[in-house]
Amino acid sequence: MQDDEPPKVCSDEPGLAACYAAAARGVAASGDRADQAPLLSLRTAWNSAPMASSSSLSRAFGKMARALSCLSPATSSSASSRLSQKSLHQCSEFTDEFSEFSGEKLPSTVDNLGTLLSILFRISCCSWGCHGGDHQFEWLVGRVTNQAMAATNLIRSAFYDESLMLTRGIGEIADLFRLFSSSKDEFEEWRRSTKKQRLNKYGPAPVRKKLEQCGANFSIGESRYQKLCEVGTHPIPGQIPGHYSGAGRPVLGGIPQPVGIYVCYTELGYAVASCGIFLSGMLHDQERKQQIFDCSSQLRTSLGMFSILTYEDLLNEVIEKNRNDENA
Ligand SMILES: [Zn+2]
């Protein structure tokens with residue numbers, strides 16, 4: 001990239017880029033900000049990002065900052081627990097408002113995800129009529145719904161890696177739906193399988209192998225799946241926990257990081273939409289089938305560019321750009 005060429009994100013998503021740049025600059029800067037939590041850089045983002053000018057957002061942030069500033073090693077454990085609950089609650093308030101006002105993609109992703117989840121919730125509860133049987137399909141849909149709702153709450157409390165761990169699980173179920181929608185026999189075999197058969201034939205790895213053998217794309221591509229394993233699930237040497245600031249330091253839960261919010265909602269939206277697209281193929285009700293397919297497609301198209309595969313590069317671009325600007 002040329003020095004004078006702004007990163008692509010600056011032209012595509014200016015508000016988001018401003019937020020990202022501020023987060024990166026605030027945390028990584030030398031001088032009196034060198035050892036401060038990214039909370040301050042978020043405040044910087046607040047003032048510079050066009051989408052973050054809402055006074056209600058500022059109030060939510062102020063409340064959260066005050067609660068967090070009361071936490072210190074000297075605080076008693078019960079008081080500390082109450083305070084951390086309070087700060088988590090305020091972190092959730094902050095994230096909700098951020099998600100509502102931050103550009104176009106994120107609010108639309110959250111809206112479309114909510115719509116799709118409300119439909120999946122009702123399918124898992126036989127809300128449009130019970131088809132009888134052993135309800136294995138409905139239970140699987142219910143699992144996706146629950147995991148997605150839990151992942152959303154983890155995003156709201158700024159536990160981003162942990163949210164991605166659940167999202168990876170949803171991706172594995174999406175692969176199962178992918179397999180079952182292409183072969184009714186597979187679904188019948190899965191629902192009758194013993195534990196041993198299930199582990200051998202329907203664990204994440206065997207399912208991906210089966211899909212590969214029959215030439216089907218994975219619901220969640222190989223590189224995306226591996227990255228979800230690395231960031232969210234398996235302990236990997238050198239993998240910094242909660243690292244969505246570019247500062248090279250871990251950030252624990254309860255402290256919002258805009259990039260964490262973007263990445264986690266994009267990944268969750270991608271995984272749930274993949275489930276929706278493939279499970280719609282297993283439905284008999286044509287109207288419902290079309291409704292879920294349409295909602296899932298809409299969710300897929302609303303996803304932003306900050307994904308688990310892109311955020312590190314995009315962050316490096318912004319940091320590099322800032323460094324060049326400072327040296328100019
Ligand atoms: Zn039923």
# chains A, B, ... in the order shown; residues from 1 in each chain; ligands from 1
>>> residues_near_ligand(ligand="ligand 1", cutoff="7 Å", atoms="only C-alpha atoms and all ligand atoms", output="number ranges by chain")
A: 125-126, 129-132, 135
>>> write_last_selection(atoms="N, CA and C atoms", output="mmCIF file, in the first residue's frame")
data_model
loop_
_atom_site.group_PDB
_atom_site.id
_atom_site.type_symbol
_atom_site.label_atom_id
_atom_site.label_comp_id
_atom_site.auth_asym_id
_atom_site.auth_seq_id
_atom_site.Cartn_x
_atom_site.Cartn_y
_atom_site.Cartn_z
ATOM 1 N N CYS A 125 -39.912 -24.026 19.145
ATOM 2 C CA CYS A 125 -41.021 -24.207 20.103
ATOM 3 C C CYS A 125 -42.304 -24.686 19.417
ATOM 4 N N CYS A 126 -42.240 -25.113 18.164
ATOM 5 C CA CYS A 126 -43.434 -25.550 17.417
ATOM 6 C C CYS A 126 -44.508 -24.469 17.417
ATOM 7 N N GLY A 129 -47.267 -24.675 14.852
ATOM 8 C CA GLY A 129 -47.903 -25.994 14.753
ATOM 9 C C GLY A 129 -46.885 -27.094 14.970
ATOM 10 N N CYS A 130 -47.322 -28.146 15.670
ATOM 11 C CA CYS A 130 -46.416 -29.253 15.980
ATOM 12 C C CYS A 130 -46.527 -30.347 14.923
ATOM 13 N N HIS A 131 -45.370 -30.758 14.412
ATOM 14 C CA HIS A 131 -45.376 -31.831 13.404
ATOM 15 C C HIS A 131 -45.196 -33.205 14.034
ATOM 16 N N GLY A 132 -45.168 -33.255 15.359
ATOM 17 C CA GLY A 132 -45.014 -34.548 16.037
ATOM 18 C C GLY A 132 -43.604 -35.087 15.889
ATOM 19 N N HIS A 135 -38.811 -34.630 17.499
ATOM 20 C CA HIS A 135 -38.396 -33.225 17.683
ATOM 21 C C HIS A 135 -36.883 -33.004 17.636
#
>>> closest_atom_pairs(of="region 66-169 of chain A", to="region 263-282 of chain A", cutoff="10 Å", atoms="only C-alpha atoms", output="JSON lines")
{"residue": "A:Ser99", "atom": "CA", "partner": "A:Tyr265", "partner_atom": "CA", "distance": 9.3}
{"residue": "A:Lys105", "atom": "CA", "partner": "A:Thr266", "partner_atom": "CA", "distance": 9.3}
{"residue": "A:Leu106", "atom": "CA", "partner": "A:Tyr265", "partner_atom": "CA", "distance": 7.6}
{"residue": "A:Pro107", "atom": "CA", "partner": "A:Tyr265", "partner_atom": "CA", "distance": 9.9}
{"residue": "A:Thr109", "atom": "CA", "partner": "A:Gly269", "partner_atom": "CA", "distance": 6.8}
{"residue": "A:Val110", "atom": "CA", "partner": "A:Tyr265", "partner_atom": "CA", "distance": 7.2}
{"residue": "A:Asn112", "atom": "CA", "partner": "A:Gly269", "partner_atom": "CA", "distance": 8.3}
{"residue": "A:Leu113", "atom": "CA", "partner": "A:Gly269", "partner_atom": "CA", "distance": 6.0}
{"residue": "A:Gly114", "atom": "CA", "partner": "A:Gly269", "partner_atom": "CA", "distance": 9.6}
{"residue": "A:Leu116", "atom": "CA", "partner": "A:Gly276", "partner_atom": "CA", "distance": 7.8}
{"residue": "A:Leu117", "atom": "CA", "partner": "A:Val272", "partner_atom": "CA", "distance": 8.1}
{"residue": "A:Ile119", "atom": "CA", "partner": "A:Gly276", "partner_atom": "CA", "distance": 9.7}
{"residue": "A:Leu120", "atom": "CA", "partner": "A:Gly276", "partner_atom": "CA", "distance": 8.1}
{"residue": "A:Phe137", "atom": "CA", "partner": "A:Met282", "partner_atom": "CA", "distance": 8.8}
{"residue": "A:Leu140", "atom": "CA", "partner": "A:Leu279", "partner_atom": "CA", "distance": 9.8}
{"residue": "A:Val141", "atom": "CA", "partner": "A:Leu279", "partner_atom": "CA", "distance": 8.3}
{"residue": "A:Val144", "atom": "CA", "partner": "A:Val272", "partner_atom": "CA", "distance": 7.4}
{"residue": "A:Thr145", "atom": "CA", "partner": "A:Val272", "partner_atom": "CA", "distance": 8.4}
{"residue": "A:Gln147", "atom": "CA", "partner": "A:Val272", "partner_atom": "CA", "distance": 9.8}
{"residue": "A:Ala148", "atom": "CA", "partner": "A:Leu268", "partner_atom": "CA", "distance": 7.1}
{"residue": "A:Met149", "atom": "CA", "partner": "A:Leu268", "partner_atom": "CA", "distance": 9.9}
{"residue": "A:Ala151", "atom": "CA", "partner": "A:Leu268", "partner_atom": "CA", "distance": 7.7}
{"residue": "A:Thr152", "atom": "CA", "partner": "A:Tyr265", "partner_atom": "CA", "distance": 7.8}
{"residue": "A:Leu154", "atom": "CA", "partner": "A:Cys264", "partner_atom": "CA", "distance": 9.5}
{"residue": "A:Ile155", "atom": "CA", "partner": "A:Cys264", "partner_atom": "CA", "distance": 6.8}
{"residue": "A:Ala158", "atom": "CA", "partner": "A:Cys264", "partner_atom": "CA", "distance": 9.8}
{"residue": "A:Phe159", "atom": "CA", "partner": "A:Cys264", "partner_atom": "CA", "distance": 9.6}
{"residue": "A:Tyr160", "atom": "CA", "partner": "A:Cys264", "partner_atom": "CA", "distance": 6.4}
{"residue": "A:Asp161", "atom": "CA", "partner": "A:Cys264", "partner_atom": "CA", "distance": 8.3}
{"residue": "A:Glu162", "atom": "CA", "partner": "A:Cys264", "partner_atom": "CA", "distance": 9.7}
{"residue": "A:Ser163", "atom": "CA", "partner": "A:Cys264", "partner_atom": "CA", "distance": 6.9}
{"residue": "A:Leu164", "atom": "CA", "partner": "A:Cys264", "partner_atom": "CA", "distance": 6.4}
{"residue": "A:Leu166", "atom": "CA", "partner": "A:Leu268", "partner_atom": "CA", "distance": 8.6}
{"residue": "A:Thr167", "atom": "CA", "partner": "A:Leu268", "partner_atom": "CA", "distance": 5.5}
{"residue": "A:Arg168", "atom": "CA", "partner": "A:Ala271", "partner_atom": "CA", "distance": 7.7}
{"residue": "A:Gly169", "atom": "CA", "partner": "A:Ala271", "partner_atom": "CA", "distance": 8.9}
>>> write_last_selection(atoms="C-alpha atoms", output="compact mmCIF listing (two decimals), in the first residue's frame")
# COMPACT_ATOMS: atom_id res chain seq x y z
CA SER A 99 -24.66 -1.27 18.09
CA LYS A 105 -23.72 -2.34 8.74
CA LEU A 106 -23.63 -3.10 12.47
CA PRO A 107 -27.18 -1.85 13.29
CA THR A 109 -26.62 -6.90 11.24
CA VAL A 110 -28.02 -6.76 14.78
CA ASN A 112 -31.44 -8.94 10.94
CA LEU A 113 -29.89 -11.32 13.45
CA GLY A 114 -32.70 -10.55 15.90
CA LEU A 116 -33.84 -14.49 12.22
CA LEU A 117 -33.41 -15.59 15.83
CA ILE A 119 -38.11 -17.07 13.77
CA LEU A 120 -35.72 -19.83 14.84
CA PHE A 137 -34.81 -31.07 14.29
CA LEU A 140 -31.14 -28.63 17.08
CA VAL A 141 -32.74 -25.33 16.06
CA VAL A 144 -28.61 -22.71 17.76
CA THR A 145 -31.07 -20.17 19.14
CA GLN A 147 -26.17 -20.45 21.79
CA ALA A 148 -26.71 -17.37 19.64
CA MET A 149 -28.60 -15.57 22.40
CA ALA A 151 -23.18 -15.32 22.45
CA THR A 152 -25.02 -12.01 22.11
CA LEU A 154 -21.23 -12.28 25.93
CA ILE A 155 -20.68 -9.61 23.26
CA ALA A 158 -17.30 -7.55 26.21
CA PHE A 159 -16.33 -11.23 26.45
CA TYR A 160 -15.48 -11.37 22.76
CA ASP A 161 -13.26 -14.48 22.57
CA GLU A 162 -15.82 -16.37 24.64
CA SER A 163 -18.62 -15.28 22.33
CA LEU A 164 -16.59 -16.57 19.37
CA LEU A 166 -20.06 -20.29 21.02
CA THR A 167 -20.13 -19.00 17.46
CA ARG A 168 -17.76 -21.76 16.42
CA GLY A 169 -20.22 -24.28 17.91
>>> closest_residue(among="A:Ser157, A:Thr194, A:Phe98, A:Asn322", to="Gly242 (chain A)", atoms="only C-alpha atoms")
A:Ser157
>>> select_by_dssp(residues="region 43-248 of chain A", states="alpha helix (DSSP H)", output="count of residues only")
144
